[in-house]
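Enquirer: You'll find protein-v7.pdb just under this line, and it carries PDB, C-alpha atoms.
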ATOM      1  CA  MET N  24      83.265 110.258  91.479
ATOM      2  CA  GLY N  25      83.255 106.646  92.597
ATOM      3  CA  ALA N  26      81.319 104.844  95.242
ATOM      4  CA  GLU N  27      78.650 106.133  97.554
ATOM      5  CA  VAL N  28      79.657 107.688 100.829
ATOM      6  CA  GLY N  29      79.420 105.080 103.542
ATOM      7  CA  LYS N  30      80.048 104.991 107.257
ATOM      8  CA  PRO N  31      82.067 103.358 108.636
ATOM      9  CA  VAL N  32      84.521 103.379 105.793
ATOM     10  CA  SER N  33      85.583  99.768 106.038
ATOM     11  CA  ASN N  34      89.047 100.373 107.466
ATOM     12  CA  LEU N  35      89.829 103.174 105.008
ATOM     13  CA  GLY N  36      88.216 101.482 102.061
ATOM     14  CA  ILE N  37      90.043  98.236 101.531
ATOM     15  CA  THR N  38      87.307  95.694 100.855
ATOM     16  CA  ALA N  39      87.305  95.500  97.050
ATOM     17  CA  MET N  40      90.986  96.386  96.932
ATOM     18  CA  ALA N  41      91.860  93.272  98.922
ATOM     19  CA  SER N  42      90.823  90.952  96.116
ATOM     20  CA  VAL N  43      92.809  92.872  93.502
ATOM     21  CA  THR N  44      96.109  93.757  95.176
ATOM     22  CA  PRO N  45      97.231  90.899  97.440
ATOM     23  CA  ALA N  46     100.745  90.694  95.955
ATOM     24  CA  ILE N  47     101.748  94.329  96.558
ATOM     25  CA  GLU N  48     104.042  94.252  99.586
ATOM     26  CA  GLN N  49     105.785  96.740 101.853
ATOM     27  CA  LYS N  50     109.327  95.717 100.912
ATOM     28  CA  GLU N  51     108.817  96.542  97.247
ATOM     29  CA  LEU N  52     106.882  99.753  97.936
ATOM     30  CA  THR N  53     109.623 100.853 100.333
ATOM     31  CA  ILE N  54     112.198 100.377  97.582
ATOM     32  CA  LEU N  55     109.902 102.202  95.146
ATOM     33  CA  ARG N  56     109.498 105.073  97.623
ATOM     34  CA  THR N  57     113.273 105.285  98.123
ATOM     35  CA  GLU N  58     113.878 105.351  94.361
ATOM     36  CA  LEU N  59     111.258 108.055  93.811
ATOM     37  CA  ILE N  60     112.648 110.168  96.664
ATOM     38  CA  LYS N  61     116.139 109.916  95.116
ATOM     39  CA  LEU N  62     114.713 110.946  91.752
ATOM     40  CA  SER N  63     112.783 113.808  93.350
ATOM     41  CA  ASN N  64     115.909 115.076  95.083
ATOM     42  CA  THR N  65     117.860 114.907  91.827
ATOM     43  CA  LYS N  66     115.163 116.781  89.894
ATOM     44  CA  ASN N  67     114.186 119.050  92.793
ATOM     45  CA  SER N  68     110.552 118.205  91.996
ATOM     46  CA  GLU N  69     107.959 115.804  93.389
ATOM     47  CA  MET N  70     106.475 115.351  89.913
ATOM     48  CA  ILE N  71     107.346 112.189  87.972
ATOM     49  CA  VAL N  72     106.409 110.991  84.500
ATOM     50  CA  LYS N  73     105.395 107.442  83.603
ATOM     51  CA  SER N  74     108.814 106.445  82.250
ATOM     52  CA  GLU N  75     110.432 107.496  85.551
ATOM     53  CA  LEU N  76     107.900 105.424  87.473
ATOM     54  CA  ASP N  77     108.538 102.456  85.180
ATOM     55  CA  ASP N  78     112.303 102.720  85.791
ATOM     56  CA  ALA N  79     111.754 102.880  89.559
ATOM     57  CA  LEU N  80     109.381  99.902  89.424
ATOM     58  CA  LYS N  81     112.057  97.822  87.675
ATOM     59  CA  LYS N  82     114.426  98.536  90.579
ATOM     60  CA  SER N  83     111.752  97.724  93.147
ATOM     61  CA  GLY N  84     111.460  94.014  92.669
ATOM     62  CA  LYS N  85     109.004  91.336  91.837
ATOM     63  CA  PHE N  86     105.911  92.971  90.456
ATOM     64  CA  ASP N  87     103.846  90.780  88.167
ATOM     65  CA  ALA N  88     101.837  91.938  85.147
ATOM     66  CA  ALA N  89      98.664  92.438  87.221
ATOM     67  CA  ASP N  90     100.542  94.662  89.700
ATOM     68  CA  LEU N  91     102.092  96.695  86.901
ATOM     69  CA  ASP N  92      98.651  97.133  85.359
ATOM     70  CA  ILE N  93      97.320  98.500  88.669
ATOM     71  CA  PHE N  94     100.312 100.846  88.958
ATOM     72  CA  ALA N  95      99.618 102.141  85.435
ATOM     73  CA  LYS N  96      95.903 102.643  86.100
ATOM     74  CA  LEU N  97      96.595 104.448  89.355
ATOM     75  CA  PHE N  98      99.154 106.607  87.546
ATOM     76  CA  THR N  99      96.328 107.677  85.236
ATOM     77  CA  LEU N 100      94.093 108.310  88.263
ATOM     78  CA  PHE N 101      96.682 110.648  89.810
ATOM     79  CA  ASP N 102      97.750 112.264  86.508
ATOM     80  CA  THR N 103      97.678 116.053  86.857
ATOM     81  CA  GLY N 104      96.797 116.476  83.184
ATOM     82  CA  ASP N 105     100.350 116.789  81.926
ATOM     83  CA  GLU N 106     101.174 113.062  82.040
ATOM     84  CA  ALA N 107     102.846 113.432  85.437
ATOM     85  CA  VAL N 108     101.940 112.652  89.028
ATOM     86  CA  ASN N 109     103.082 113.899  92.395
ATOM     87  CA  PHE N 110     104.942 110.826  93.596
ATOM     88  CA  ARG N 111     104.001 111.383  97.271
ATOM     89  CA  ASP N 112     100.274 111.514  96.490
ATOM     90  CA  TYR N 113     100.628 108.525  94.160
ATOM     91  CA  LEU N 114     102.493 106.440  96.753
ATOM     92  CA  ALA N 115     100.034 107.389  99.485
ATOM     93  CA  GLY N 116      97.184 106.095  97.360
ATOM     94  CA  LEU N 117      99.137 103.031  96.321
ATOM     95  CA  SER N 118     100.025 102.316  99.950
ATOM     96  CA  ALA N 119      96.381 101.643 100.637
ATOM     97  CA  CYS N 120      96.943  98.496  98.547
ATOM     98  CA  LEU N 121      99.356  97.036 101.120
ATOM     99  CA  MET N 122      96.974  94.282 102.108
ATOM    100  CA  SER N 123      99.692  92.323 103.937
ATOM    101  CA  LEU N 124      99.823  95.084 106.568
ATOM    102  CA  LYS N 125      97.250  95.944 109.179
ATOM    103  CA  VAL N 126      95.606  99.358 108.911
ATOM    104  CA  PRO N 127      97.879 101.054 111.511
ATOM    105  CA  GLU N 128     100.987  99.840 109.676
ATOM    106  CA  ARG N 129      99.574 100.997 106.334
ATOM    107  CA  LEU N 130      98.883 104.431 107.777
ATOM    108  CA  GLN N 131     102.432 104.596 109.170
ATOM    109  CA  PHE N 132     103.743 103.810 105.686
ATOM    110  CA  VAL N 133     101.452 106.359 104.021
ATOM    111  CA  PHE N 134     102.378 109.171 106.392
ATOM    112  CA  GLY N 135     106.046 108.223 106.187
ATOM    113  CA  THR N 136     105.806 109.072 102.504
ATOM    114  CA  PHE N 137     105.112 112.691 103.487
ATOM    115  CA  ASP N 138     107.796 112.824 106.201
ATOM    116  CA  GLN N 139     110.230 114.849 104.123
ATOM    117  CA  ASP N 140     112.909 115.392 106.763
ATOM    118  CA  SER N 141     112.763 112.006 108.554
ATOM    119  CA  SER N 142     111.453 113.696 111.707
ATOM    120  CA  ASN N 143     108.464 111.308 112.011
ATOM    121  CA  THR N 144     106.118 114.289 111.613
ATOM    122  CA  ILE N 145     103.557 115.443 109.064
ATOM    123  CA  THR N 146     101.846 118.753 108.273
ATOM    124  CA  LYS N 147      98.085 119.260 108.184
ATOM    125  CA  ALA N 148      98.234 119.871 104.411
ATOM    126  CA  SER N 149     100.165 116.628 103.915
ATOM    127  CA  LEU N 150      97.711 114.758 106.136
ATOM    128  CA  LYS N 151      94.853 115.943 103.972
ATOM    129  CA  ARG N 152      96.732 115.049 100.776
ATOM    130  CA  ALA N 153      97.373 111.551 102.144
ATOM    131  CA  LEU N 154      93.729 111.069 103.105
ATOM    132  CA  VAL N 155      92.527 112.325  99.713
ATOM    133  CA  SER N 156      94.927 109.930  97.977
ATOM    134  CA  ILE N 157      93.716 106.945 100.003
ATOM    135  CA  ASN N 158      90.121 107.997  99.417
ATOM    136  CA  SER N 159      90.690 108.321  95.651
ATOM    137  CA  VAL N 160      92.135 104.829  95.390
ATOM    138  CA  ALA N 161      89.332 103.378  97.519
ATOM    139  CA  SER N 162      86.837 105.068  95.205
ATOM    140  CA  TYR N 163      88.642 103.694  92.149
ATOM    141  CA  PHE N 164      88.268 100.167  93.512
ATOM    142  CA  GLY N 165      84.595 100.770  94.334
ATOM    143  CA  ASP N 166      84.967 100.850  98.095
ATOM    144  CA  PRO N 167      83.000 103.282 100.275
ATOM    145  CA  VAL N 168      84.590 106.712 100.520
ATOM    146  CA  LEU N 169      84.317 109.947 102.462
ATOM    147  CA  THR N 170      83.515 113.378 101.075
ATOM    148  CA  LEU N 171      86.186 116.077 100.778
ATOM    149  CA  LYS N 172      84.349 117.935 103.538
ATOM    150  CA  ASP N 173      84.712 114.865 105.787
ATOM    151  CA  LEU N 174      88.427 114.664 104.983
ATOM    152  CA  ASP N 175      88.841 118.355 105.846
ATOM    153  CA  GLN N 176      87.026 117.743 109.126
ATOM    154  CA  ILE N 177      89.289 114.796 109.959
ATOM    155  CA  ALA N 178      92.443 116.823 109.253
ATOM    156  CA  VAL N 179      91.273 119.758 111.370
ATOM    157  CA  GLU N 180      90.019 117.616 114.262
ATOM    158  CA  THR N 181      93.169 115.509 114.232
ATOM    159  CA  PHE N 182      95.482 118.508 114.445
ATOM    160  CA  GLU N 183      93.360 120.155 117.107
ATOM    161  CA  GLY N 184      93.059 116.908 119.056
ATOM    162  CA  ILE N 185      96.767 116.152 119.056
ATOM    163  CA  THR N 186      98.487 119.545 119.010
ATOM    164  CA  GLY N 187      95.727 121.813 120.237
ATOM    165  CA  GLY N 188      95.968 123.478 116.833
ATOM    166  CA  THR N 189      99.150 125.263 117.874
ATOM    167  CA  SER N 190     101.742 123.380 115.832
ATOM    168  CA  LYS N 191     102.437 123.285 112.094
ATOM    169  CA  THR N 192     103.411 119.608 112.300
ATOM    170  CA  MET N 193     102.448 116.613 114.387
ATOM    171  CA  ALA N 194     104.091 113.308 115.229
ATOM    172  CA  ILE N 195     102.971 110.392 113.075
ATOM    173  CA  ASP N 196     102.535 107.826 115.880
ATOM    174  CA  PRO N 197      99.789 109.665 117.804
ATOM    175  CA  LEU N 198      98.269 110.669 114.459
ATOM    176  CA  VAL N 199      97.725 107.038 113.504
ATOM    177  CA  GLU N 200      96.199 106.233 116.898
ATOM    178  CA  PHE N 201      93.927 109.287 116.725
ATOM    179  CA  LEU N 202      92.725 108.394 113.220
ATOM    180  CA  LEU N 203      91.966 104.806 114.152
ATOM    181  CA  ASN N 204      89.635 106.091 116.867
ATOM    182  CA  HIS N 205      88.076 108.892 114.798
ATOM    183  CA  PRO N 206      84.343 108.337 114.184
ATOM    184  CA  LEU N 207      84.688 109.003 110.445
TER     185      LEU N 207
END
Kindly present the structure from the file in structure tokens form.
Expert:
Amino acid sequence: MGAEVGKPVSNLGITAMASVTPAIEQKELTILRTELIKLSNTKNSEMIVKSELDDALKKSGKFDAADLDIFAKLFTLFDTGDEAVNFRDYLAGLSACLMSLKVPERLQFVFGTFDQDSSNTITKASLKRALVSINSVASYFGDPVLTLKDLDQIAVETFEGITGGTSKTMAIDPLVEFLLNHPL
């Protein structure tokens, strides 16, 4: 699915994306994330339907028609088959579109989406979900991507490299630094 596997992965696959998503900014995605977290807490589910996303987007700010079209297409990309998406996976993929931020800041934002208790930590499963989401969006835009096996390897090596494989969670700050220096 998508582009050929390439190494290096062009700063997590942002080359083609850059020409399509320059107006998507952190402020609006932060508001969107906050709205979706509130909704998730109310529903006790991370799954959202398109109408819920549309309502949250209206509260988020100044998205133009092109942005809204991208949001809709990425909703379809992340659709689980029942016209719903996991909002954390969706936002992680969408966060890759934050072209106004440098890669470390984008990664901080992505992983913050999975920081469910505001402890500035992430689990290995959430790390992999975030990487798969970013990879899926990069593939959608035609950028080079990694294989699922590569993403598994990154998640395992990252946890082993930072925690020695002994912890169920790891701090986000060293995670970002480790990933930026990872050969894949």
Enquirer: Hey, which of N:Thr170, N:Thr186, N:Thr65, N:Thr192 ends up closest to Leu207 (chain N)? Count all atoms listed in the file.
Expert: N:Thr170
Enquirer: Written as a PyMOL selection string, what is the full residue list that the PyMOL selection byres ((chain N and resi 193-195) around 6) yields on the file shown?
Expert: chain N and resi 143-145+192+196-198
Enquirer: May I ask for the distance between CA of Gln49 (chain N) and CA of Leu130 (chain N), given in Å to one decimal place?
Expert: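 Value for the CA of Gln49 (chain N)-CA of Leu130 (chain N) distance: 11.9 Å.
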Enquirer: Expand the PyMOL selection byres ((chain N and resi 60) around 12) into the explicit residue set it covers here, and present it as an NGL selection string.
Expert: :N and (52-59 or 61-71 or 75-76 or 79 or 109-111 or 114 or 135-140)
Enquirer: Do you have the CA of Ala178 (chain N)-CA of Asn204 (chain N) distance handy?
Expert: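 Computing it gives 13.5 Å between the two atoms.
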Enquirer: I want to know what sits within 12 Å of Glu200 (chain N), based on all atoms listed in the file, with residues of the same chain fewer than 5 positions away left out; could you give that as number ranges by chain?
Expert: N: 126-128, 130-131, 181, 184-185, 194-195, 205
Enquirer: Determine, counting all atoms listed in the file, every residue of protein, DNA or RNA that lies within 6 Å of (100.9, 109.3, 85.9) in the file coordinates, then give the result as a list of chain:residue names.
Expert: N:Val72, N:Lys73, N:Phe98, N:Thr99, N:Phe101, N:Asp102, N:Glu106, N:Ala107, N:Val108
Enquirer: Between CA of Gly116 (chain N) and CA of Phe134 (chain N), what is the distance, to one decimal in Å?
Expert: 10.9 Å
Enquirer: Which of these, N:Leu100, N:Phe164, N:Glu51, N:Leu169, has the shortest distance to Lys82 (chain N) once you count only C-alpha atoms?
Expert: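 For Lys82 (chain N), the nearest of the candidates is N:Glu51.
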Enquirer: Residue by residue, what does the PyMOL selection byres ((chain N and resi 159) around 9) grab here? Present the result as JSON, numbers by chain.
Expert: {"N": [24, 25, 100, 101, 116, 154, 155, 156, 157, 158, 160, 161, 162, 163, 164, 168]}
Enquirer: Calculated over only C-alpha atoms, which of the candidates N:Val199, N:Leu121, N:Ala115, N:Ala88 has the smallest distance to Ser149 (chain N)?
Expert: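 Between N:Val199, N:Leu121, N:Ala115, N:Ala88, the residue approaching Ser149 (chain N) most closely is N:Ala115.
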Enquirer: Given the choices N:Thr189, N:Ser74, N:Ser118, N:Ser141, which gets closest to Glu48 (chain N) if the distance is worked out from all atoms listed in the file?
Expert: N:Ser118
Enquirer: Counting only C-alpha atoms, which of N:Asp105, N:Leu171, N:Phe182, N:Gly187 gets nearest to Phe201 (chain N)?
Expert: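 Distance minimum relative to Phe201 (chain N) lands on N:Phe182.
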